[in-house]
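**Student:** This is the structure I want to talk about, given as structure tokens.
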Amino acid sequence: MARKKRAPGEPITIKKYANRRLYNTETSSYVTLDHLAAMIRNGDDFVVHDAKTNEDLTRSVLTQIIFEKETRDDNMLPIAFLRQLIKFYGDSMQAMVPSYLASTMDVLNRHKEQIRTAFGGTDNGNFMPLFEEMTRQNMAFFEQTMQMFAQNAAARTDTDTSEAGNGDDKKIEDLQAELAALKKKVDSLSN
């Protein structure tokens, strides 16, 4: 098939039509959600746009891929995780969750080969040190995020002395206490 030229680093454009069909503009062919999932596994970057309005539909299509995988293939997302994720919608910390999850996945991807080696190695899956290190890195990132959150809340409290600001201070103190408890648990795992 003839491929259309696109600039280096530019994502492939997928158009979604009213009949729900997905069209890959680079290969001039219709694709399925399974094709898009394979493209992601191959490292291909793409964006999905509504063919009529040009609205960006990438997030909803990616979510649809996850939904399809979760309902027909082996489930990957634990129910407890899904419940916790839902709890963050509308929460004051909702804005923090995407960057935290993205950084967690980045850490997992960076250690992917080490984890595979540990699972397939002769040490019968002694992977706990790798997960402990990943947990330490996640906790360090979470701590940095909490410090930024606390600094923003302190700055807001300096300029706004309303009761809402005081409620935020209590939430921050509670989160810092939870963070300290999590750090103790992580430290106990390494001992």
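In the structure tokens, each chain is lettered A, B, ... as it comes, each chain's residues begin at 1, and ligands are numbered from 1 in order of appearance.
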If you count only C-alpha atoms, which residues fall within 12 Å of Asp44 in chain A, apart from same-chain ones fewer than 4 positions away, as a ChimeraX atom specification?

**Tutor:** /A:8-14,26,35-40

**Student:** Mind giving me the straight-line distance from CA of Gln64 in chain A to CA of Asn19 in chain A in Å, one decimal?

**Tutor:**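 Separation between CA of Gln64 in chain A and CA of Asn19 in chain A: 15.7 Å.
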
**Student:** Give me the residues near range 90-100 of chain A as a VMD selection string, where near means some atom within 8 Å (using only C-alpha atoms) and where sequence neighbours in that chain fewer than 4 positions away do not count.

**Tutor:** chain A and resid 104 141 to 142 145

**Student:** As an exercise, work out the distance from CA of Thr32 in chain A to CA of Ile65 in chain A in Å and give it to one decimal place.

**Tutor:** 9.7 Å

**Student:** In Å, with one decimal, what is the gap from CA of Asp106 in chain A to CA of Asn138 in chain A?

**Tutor:**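 Straight-line distance from CA of Asp106 in chain A to CA of Asn138 in chain A works out to 10.0 Å.
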
**Student:** Per DSSP on the backbone, filter range 14-77 of chain A down to the residues in alpha helix (DSSP H) and report them as a list in words.

**Tutor:**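 Secondary structure check on range 14-77 of chain A, alpha helix (DSSP H): Leu33, Asp34, His35, Leu36, Ala37, Ala38, Met39, Ile40, Arg41, Thr58, Arg59, Ser60, Val61, Leu62, Thr63, Gln64, Ile65, Ile66, Phe67, Glu68, Lys69, Glu70, Thr71 and Arg72 of chain A.
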